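Chemist: Shown below is the structure under consideration.
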Amino acid sequence: MPFIPHTEDDTREMLKTIGVDSIEDLFDEIPAELRADALSDVPAGQNEMAVTRHLHDRAGRDTQPLSFLGAGAYEHHIPAAVWQLTTRGEFYTAYTPYQAEASQGTLQVLYEFQTMMAELTGMDVSNASLYEGASALAEAVLMAVRANRKSKTKRILMPSTVHPTYRSVVNTIVRHQGITLELLDYDTKGGHIDPASLPSKPGDIAALVIPQPNFFGALEDADALTDWAQQHGALVIGVVNPTAMALITPPGEWGSGTGADIVCGEGQPLGAPLASGGPYFGFMCCAQKHVRQMPGRIIGRTTDLEGKKGYVLTLQAREQHIRRSKATSNICTNQGLLTTAATIYMSLLGPEGLRQTAEHSHSNTCELSDALCAIDGVEKVFDRPCFHETVIRLPKPAADVLAGLDQKGVIGGFDLSSDYPELGNALLICATETKTEADLNTFATTLREVLA
Amino acid sequence: MLDKQTPLIFEHSRPSRVNTTHTQRTTAKTTNIPAGLLRKSKPRLPEVSEMDAVRHYTRLSQKNFSIDTQFYPLGSCTMKHNPRACNSLASLPGYLNRHPLAPVKHGQGFLSCMWDLQEMLKDVTGMTAVSLTPMAGAQGEFAGVAMIRAYHDANNDTDRTEILVPDAAHGTNPATATMCGYATKEIPTDANGDIDVEALKVAVGPHTAGIMLTNPSTLGVFDRRIKEIAGIVHEAGGLLYYDGANLNAILGKVKPGDMGFDVIHMNLHKTFSTPHGGGGPGAGPVGVSERLKPFMPIPVVGKNDDGYYWLTEKDLPQTIGRLSTYMGNAGVLMRAYIYALLLGREGMVRVADYATLNANYLMVSLAKAGFDMALPERRATHEFILTLKRQAKEQGVTAMDFAKRLLDYGFHAPTTYFPLIVPECLLIEPTESESKETLDGFIEAMAAIQKEAEKDAETLKGAPYSQPMRRLDDVKAARELDLRYSFEQKDGK
C-alpha cells in the first residue's frame, strides 16, 4: 500500500489489541448518515513510474521564452548547493522547532538568517520570515498601527508607486480593523514620490510606506521622505528589494534620524526559484524598540543547563497559540525552508557576490533601456535613477507589442496600462544578471521587427 | 559525535574570501545611481568558501530531528512520510522556471495540474468550489472568515459581530476572528469531549456571524452531534467554518460539506504531505459552499475552450480579494497534487483507515501500560490525548519532562500543553506511515520513562542528555533578547 507499511499480520494483531474486528469498527462513533460514497473525481492511484511520466508530459507543455518580466519576482542564478542542502531530509521534513534541543539545526539557521537580514536592511532585528512580500507589507501596516501609540487615526499613507498588487493585498488583509490607506500620487516626470509635494500639515498619520526601489524600478528619495514622516509623528515602513540592499542605502540609514522603523519585502530574489509565484518568503525587520510588536516567529539565543549557547523560539507571548484573540497576528508557520535557502544563498554569495549581482542587474537594465530607446518611437518614461527595472513607452498599445514579441519568442515585460492608464503604452522591463549581451540584443532586434 | 556548539557561519568568515564561482566577474557600472543613494558600508554577510558553507549547513542539518530520521508524533501536525517523488517532480524545470506573470499559454502544463487539484479537493471535501491561493492554514482561516463577513455584509446583515470558537480550538481561530474585525465567544466542551450543545444554544443569536470548528476536534474525537450543531448555527443565521487541521482522520470517509460546513481550509502540508520544511511553507486552500462561492479569494483556475486561465475580480466581482502577490504557494500545491495522484481514491481512504488504526492501537497500548487518557471512553481518531496529571501530582514530573526525556529515547515529543483545557497533556498523532514496530518502540519508551519517574524523578527533570544541548532557558531568551549575532563583540574581543 502506498506509504503504509502494515502487513496483514500487523493489522490483525493491532485490531486484536484494540479489541475490535475490523478497521471499520474504529469509525463507529461517526453517524452513518455522514459516511461518504466513494470519491468520484479522484483518479485511481498510480505508481511512481506512471506519475513521473505524467508530470514530465505536463512540464513539457510549459514553454520558457526569453523573459524580461520582473514586477515583483526576479530571475537570479541560484548556486546548486543552495537547494541540494535545503532539501536534505533533516531540514525538509522537520517542523517548527518546538523542541529546541532537538531542533538546533533549524534554529541556528534562522538565527543566522535574522542576522543577515538585519545586516542587509541596516536594521536592529529581524523575524524568522512571513509568507511573502505583499502579505508582509500588510503585517507591517498592522504592526505600525500597534507600535505608533501617539497616533490615534490608523491612517497609513501609501504611495501609488508601491506594487499595485501589494496595495490590493494590504487592503484585503487590514480592511476589517478600521485602518485607512490613503494613496499618494507620484511625480509623472520622475516616477517617484516628490517629497516637495507632501503637505506641510498632514495631520495625524500612523505610518508612511516607502518602496525602494518602487514598482517602476525607480529609486525614491528615501532620506527626504523619512525625515518628512518622522517630523510629523509617523512611523516609516520600508518595502525593499533585498538584492538592491547590497548596493543602495539601506532603510536603517534613511533620513537624518535613526532610520526606518519597520522594513519588509519579498525574499524571493534570495535563492527562491520563480516557480509560478511560490513558495517565496516575506521578510520583516524593525528597530529594537518595536520588536515586541513584530508578528511571526522570532529566534533568540540563550543558554542551556550547562551554560552552553543554544537557540529557541522566543517572545512567544506575542503569538496566537498563547495570546489567541489578542495576538499580534494569526500567523502560525513561517517559510522555514525558503529562509534556509536564503541563508545558504547569502552565505555562498557573500557581500561581494550579492553586490555584483545587484550591479550587474542594474547595468543590464540600463543597457537594455538604452538599446530599446534607440528604436524609433520608443522612449524612457521617467528620469529618476533606477535599480534593475525601468519603464519605457511604446508607439503602440503594450498588449499588442507584447503579443508580437511573444510570437517571436520574447516575453517583453509587464504591461502597465491597466494599473497606470495615464502612462499610455507603458511597459515595465527588467534584465537581471542572468541576461547576456546576446539576450539584450535579441530583445532590441525583436522589438524593432515588431514595431516595423 | 555531533559537536555541541556549532560556530555561527559568521565566525568562519575571512575578509575578502570571495566565492568567485557565484559572482559575475564583470565590470558592471552604476553610473546611473548618484552617490547619495549608494550604500556606504558593506553588509556583513559571511565571506566563506563553498566548502565552508556546505560543511556548516550539513552539520547544522544533523542537529535536527525530522521525519526522515525519527518518529515525530506531533499531534495536530500530521508528520507523515514525505514521498521524494513529490519533491523531484515538482522541481522539473518546466514548473520551476515559470515566471508567475508569464502569459498563461506558456503555463498550460502547470495550470492543468492546478485545475486537477482543485477538482480533487472539491470531491474530497464535498464543497462546491475551491480556491488554492491561501499560503498556510492561518491564511485559509483568514480567507474563510473574511468570506463569512463578506456574505453577511452583502446581505446588509451588519449586526453579526461575533465568531464562536470552542475552548479547545487552535489559537489561530480566535486570532483570525480578531483580524476580520470580530469578537470571539468561547463555547465550552462537555465531559465527553464534544461541544456543549446546551451552551451553544445559549450563545448563538442575532450577533452570531459564524462558528469555527475542527472535526475531529483538537481533543482527538469526532463530534457526534455535528449535524445538530450545524442546524443550530444556521438557524440563527450564522455560517460554519471548518478548520481542516484534522482532515487526515476522515480523508475520503466523511466530507465536511456533508456535515453542513459552509467553508473549510485544508492544510496540504499535513494531509497531503508536502512537507513541513522546518516550519513552512504550507498551503491552505479553501473550499466553499454555493452561497460563499462569489466571495472566494482570487486567483482561481478556470477552464474554457482555449485552455486553462486565471479567474480574477472580473469573473468574481464580490471576491474578498488577493492574499498574496501571485497565486499562492504553487510549488507546495504541485507536491500535494503529485501525492494525490500516487494515493488515488483508494489510497486516500486508506490514509484515514491506517492513521486511525495506529492512533487507536497506540492509545489502547499506552492505557494498558498504565497511562491515563483524557477521554478513555472515546475512540481515538487519528490522534488522542494522554494526560500526566496523576504523575505530576504523585511524582512531580510534568508533560514537558516526559517530552524532553523522549528525545533521549530517539523520539520527537508529541505536542505538549495543547489543547489548553487538558492539564499536563500530550497530544499524540502517529500518522498512517509508521509501522507497528515503531509504535511498539514508542510504547516501550513511554513505559520506561514512567519507571524512571517513579524511581528517580530528577532524571526526567534534567532531560534531555543525548542532544547537542541540555534543556534550554526560555525565560532568559525572552528577558535578555539576543536575536542576532553581534559583530562588534567578535571584532572587539
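Chain labels run A, B, ... following the order of the C-alpha cells; each chain numbers its residues from 1, and ligands are numbered from 1 in the order shown.
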I'd like the contact shell of Tyr92 (chain A) - 9 Å cut-off, only C-alpha atoms, skipping same-chain residues fewer than 4 positions apart - returned as a compact mmCIF listing (two decimals) with C-alpha atoms, in the first residue's frame.

Modeler:
```
# COMPACT_ATOMS: atom_id res chain seq x y z
CA THR A 86 17.99 22.85 1.70
CA THR A 87 16.28 19.63 0.62
CA ARG A 88 18.31 17.47 3.00
CA LEU A 337 12.56 26.06 4.08
CA SER B 66 12.94 15.17 11.36
CA ILE B 67 10.53 12.65 9.89
CA ASP B 68 13.37 11.29 7.78
CA ASN B 82 7.05 12.89 2.61
CA PRO B 275 6.25 18.62 3.60
CA HIS B 276 6.67 20.85 6.73
CA GLY B 277 10.11 22.32 5.89
CA GLY B 278 11.16 23.29 9.41
```

Chemist: Residues near region 307-315 of chain A, anyone? I mean within 8 Å using only C-alpha atoms, not counting same-chain ones fewer than 4 positions away, as a short mmCIF file (atom, residue, chain, number, x, y, z; two decimals) with C-alpha atoms, in the first residue's frame.

Modeler:
```
data_model
loop_
_atom_site.label_atom_id
_atom_site.label_comp_id
_atom_site.auth_asym_id
_atom_site.auth_seq_id
_atom_site.Cartn_x
_atom_site.Cartn_y
_atom_site.Cartn_z
CA PRO A 97 11.26 23.88 16.27
CA TYR A 98 9.01 23.44 19.30
CA ALA A 100 14.51 23.31 20.80
CA GLN A 104 19.19 23.26 16.92
CA LEU A 107 17.05 27.27 14.96
CA GLN A 108 20.66 28.22 14.29
CA TYR A 111 19.28 32.98 13.91
CA ARG A 292 7.50 43.22 20.80
CA ARG A 297 8.36 33.54 14.66
CA ILE A 298 11.46 35.04 16.28
CA ILE A 299 14.53 33.04 17.31
CA GLY A 300 16.67 34.01 20.27
CA ARG A 301 20.00 32.84 21.64
CA THR A 302 20.10 31.64 25.22
CA THR A 303 21.96 29.11 27.34
CA GLU A 319 1.77 34.77 19.23
CA GLN B 5 28.01 24.17 19.83
CA MET B 469 22.05 20.89 24.08
CA LEU B 472 17.45 25.49 27.16
CA ASP B 474 13.33 30.01 27.51
CA ALA B 477 15.81 34.07 25.98
CA ALA B 478 12.78 36.33 26.35
#
```

Chemist: Need to verify the contact set: Phe3 (chain A), 8 Å, only C-alpha atoms, exclusion of same-chain residues closer than 5 positions in sequence. Can you return it as a PyMOL selection string?

Modeler: chain B and resi 81+83+432-433

Chemist: Just write the chosen residues, C-alpha atoms, as a PDB file, in the first residue's frame.

Modeler:
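Contents of again_38.pdb, as written:
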```pdb
ATOM      1  CA  HIS B  81       6.225  10.366   5.343  1.00  0.00           C
ATOM      2  CA  PRO B  83       7.497  10.913  -0.612  1.00  0.00           C
ATOM      3  CA  GLU B 432      -0.523   6.107   8.883  1.00  0.00           C
ATOM      4  CA  SER B 433       3.059   5.865   7.693  1.00  0.00           C
TER       5      SER B 433
END
```

Chemist: If we count only C-alpha atoms and set the cut-off at 8 Å, which residues sit around Pro256 (chain B), ignoring sequence neighbours fewer than 6 positions away in its own chain? Please answer as a list in words.

Modeler: Thr125, Gly126, Met127, Tyr242 and Ile264 of chain B

Chemist: From the DSSP assignment of the backbone, select every residue of region 67-215 of chain A that is helix (DSSP H, G or I), and format the answer as a PyMOL selection string.

Modeler: chain A and resi 80-86+89-92+100-102+104-121+133-147+164-177+195-197

Chemist: Name the residues in contact with region 381-391 of chain A at a cut-off of 7 Å, using only C-alpha atoms, excluding same-chain residues fewer than 4 positions from it; report them as a tab-separated table (two decimals) with N, CA and C atoms, in the first residue's frame.

Modeler:
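What follows is the written file part_34.tsv:
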```tsv
chain	number	residue	atom	x	y	z
A	189	LYS	N	7.09	62.99	-13.84
A	189	LYS	CA	8.39	63.16	-14.50
A	189	LYS	C	9.40	62.17	-13.94
A	190	GLY	N	9.43	62.06	-12.62
A	190	GLY	CA	10.43	61.20	-12.00
A	190	GLY	C	9.97	59.76	-11.81
A	191	GLY	N	8.67	59.55	-11.71
A	191	GLY	CA	8.18	58.20	-11.40
A	191	GLY	C	8.42	57.86	-9.95
A	213	PRO	N	13.63	49.78	-4.38
A	213	PRO	CA	13.10	50.66	-5.42
A	213	PRO	C	11.58	50.54	-5.48
A	216	PHE	N	8.04	50.99	-10.31
A	216	PHE	CA	8.59	51.36	-11.62
A	216	PHE	C	10.08	51.06	-11.73
A	217	GLY	N	10.66	50.57	-10.64
A	217	GLY	CA	12.10	50.34	-10.62
A	217	GLY	C	12.87	51.58	-10.21
A	218	ALA	N	12.17	52.71	-10.03
A	218	ALA	CA	12.84	53.97	-9.72
A	218	ALA	C	13.19	54.04	-8.24
A	219	LEU	N	14.26	54.78	-7.95
A	219	LEU	CA	14.69	54.94	-6.56
A	219	LEU	C	14.03	56.18	-5.97
A	244	ALA	N	18.79	44.72	-4.01
A	244	ALA	CA	19.17	46.13	-4.12
A	244	ALA	C	19.89	46.61	-2.88
A	361	SER	N	22.79	43.43	-12.54
A	361	SER	CA	21.37	43.53	-12.89
A	361	SER	C	21.04	44.98	-13.25
A	362	HIS	N	21.58	45.89	-12.44
A	362	HIS	CA	21.35	47.32	-12.68
A	362	HIS	C	21.89	47.73	-14.05
A	365	THR	N	19.97	46.37	-17.05
A	365	THR	CA	18.71	47.06	-17.28
A	365	THR	C	18.94	48.43	-17.94
A	426	ALA	N	2.74	52.03	-21.76
A	426	ALA	CA	3.96	51.87	-20.97
A	426	ALA	C	4.23	50.41	-20.63
A	427	LEU	N	5.51	50.09	-20.62
A	427	LEU	CA	5.95	48.71	-20.38
A	427	LEU	C	7.05	48.73	-19.31
A	428	LEU	N	6.92	47.84	-18.33
A	428	LEU	CA	7.93	47.71	-17.28
A	428	LEU	C	8.88	46.58	-17.67
A	429	ILE	N	10.17	46.92	-17.80
A	429	ILE	CA	11.13	45.90	-18.24
A	429	ILE	C	12.19	45.65	-17.17
A	430	CYS	N	12.76	44.46	-17.22
A	430	CYS	CA	13.74	44.05	-16.21
A	430	CYS	C	14.77	43.13	-16.86
A	431	ALA	N	16.05	43.38	-16.58
A	431	ALA	CA	17.10	42.46	-17.03
A	431	ALA	C	18.05	42.21	-15.87
A	432	THR	N	17.95	41.03	-15.26
A	432	THR	CA	18.84	40.69	-14.15
A	432	THR	C	20.19	40.22	-14.68
B	32	ASN	N	24.53	55.38	-13.22
B	32	ASN	CA	23.19	55.94	-13.23
B	32	ASN	C	22.69	56.28	-11.82
B	33	ILE	N	23.33	55.72	-10.79
B	33	ILE	CA	22.88	55.95	-9.41
B	33	ILE	C	23.77	56.98	-8.72
```

Chemist: I'd like to know which residues of region 51-181 of chain A are strand (DSSP E) (by DSSP, run on the backbone); could you write them as an NGL selection string?

Modeler: :A and (66-67 or 125-126 or 155-159 or 180-181)

Chemist: Output the selection as a short mmCIF file (atom, residue, chain, number, x, y, z; two decimals), in the first residue's frame - C-alpha atoms for each residue.

Modeler:
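To be explicit, this is the file written out as selection38.cif:
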```cif
data_model
loop_
_atom_site.label_atom_id
_atom_site.label_comp_id
_atom_site.auth_asym_id
_atom_site.auth_seq_id
_atom_site.Cartn_x
_atom_site.Cartn_y
_atom_site.Cartn_z
CA LEU A 66 13.41 34.60 -23.15
CA SER A 67 11.77 36.73 -20.45
CA VAL A 125 16.40 42.92 14.39
CA SER A 126 14.58 40.59 12.00
CA ARG A 155 -4.12 56.45 8.79
CA ILE A 156 -1.47 54.96 6.52
CA LEU A 157 -0.01 56.89 3.58
CA MET A 158 0.50 54.52 0.70
CA PRO A 159 2.40 55.80 -2.36
CA THR A 180 -7.44 53.79 6.20
CA LEU A 181 -4.98 53.61 3.33
#
```

Chemist: Can you tell me, as an NGL selection string, what residues are no more than 12 Å from Val410 (chain A) when counting only C-alpha atoms, ignoring any on the same chain fewer than 2 positions away?

Modeler: (:A and (63-69 or 401-408 or 412-413 or 429 or 439-447 or 450)) or (:B and (102-103 or 106))

Chemist: Those residues with C-alpha atoms, as a compact mmCIF listing (two decimals), in the first residue's frame please?

Modeler:
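Output below, filename again-v7.txt:
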```txt
# COMPACT_ATOMS: atom_id res chain seq x y z
CA THR A 63 7.33 26.79 -22.61
CA GLN A 64 10.01 29.21 -21.45
CA PRO A 65 10.69 32.04 -23.85
CA LEU A 66 13.41 34.60 -23.15
CA SER A 67 11.77 36.73 -20.45
CA PHE A 68 12.22 40.32 -19.29
CA LEU A 69 9.47 40.15 -16.69
CA VAL A 401 3.53 44.73 -28.82
CA LEU A 402 3.85 42.04 -26.15
CA ALA A 403 1.78 39.65 -28.28
CA GLY A 404 4.04 40.35 -31.25
CA LEU A 405 7.18 39.79 -29.20
CA ASP A 406 5.71 36.60 -27.73
CA GLN A 407 5.18 35.19 -31.22
CA LYS A 408 8.89 35.65 -31.78
CA GLY A 412 8.89 41.66 -23.18
CA GLY A 413 7.85 42.74 -19.70
CA ILE A 429 11.13 45.90 -18.24
CA ASP A 439 19.86 38.29 -24.83
CA LEU A 440 19.65 42.08 -24.64
CA ASN A 441 20.36 42.32 -28.38
CA THR A 442 17.71 39.74 -29.14
CA PHE A 443 15.12 41.82 -27.30
CA ALA A 444 16.14 45.01 -29.14
CA THR A 445 16.22 43.34 -32.55
CA THR A 446 12.88 41.64 -31.99
CA LEU A 447 11.21 44.82 -30.76
CA VAL A 450 7.61 44.02 -34.16
CA ALA B 102 4.14 34.85 -17.84
CA PRO B 103 1.19 34.55 -20.26
CA HIS B 106 3.19 29.25 -21.60
```

Chemist: May I ask which of the residues A:Leu274, A:Thr165, A:Glu33, A:Tyr95 is the closest one to Arg98 (chain B), counting only C-alpha atoms?

Modeler: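 Among the listed residues, A:Leu274 lies closest to Arg98 (chain B).
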
Chemist: For a quick check of understanding, using only C-alpha atoms, which of A:Asp223, A:Glu449, A:Glu359, A:Glu253 has the smallest distance to chain B?

Modeler: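 Using only C-alpha atoms, chain B sits closest to A:Glu359.
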
Chemist: Have a look at A:Ser256, A:Thr249, A:Asn364, A:Ser160 and name the one nearest to chain B; count only C-alpha atoms.

Modeler: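 Residue with the minimum atom-to-atom distance to chain B: A:Thr249.
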
Chemist: Taking only C-alpha atoms into account, which of A:Ile262, A:Ile248, A:Leu270, A:Ala50 comes nearest chain B?

Modeler: A:Ile248

Chemist: Check the smallest atom-to-atom distance from each of B:Thr214, B:Gln139, B:Gln70, B:Ser13 to Gly441 (chain B) using only C-alpha atoms, then report the winner.

Modeler: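 Smallest distance to Gly441 (chain B) is found for B:Gln70.
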
Chemist: For Ala80 (chain A), which residue among B:Arg44, B:Glu50, B:Pro464, B:Ala35 is the nearest when counting only C-alpha atoms?

Modeler: B:Glu50

Chemist: If you measure from CA of His12 (chain B) to CA of Leu38 (chain B), what distance in Å do you get, rounded to one decimal?

Modeler: 27.8 Å
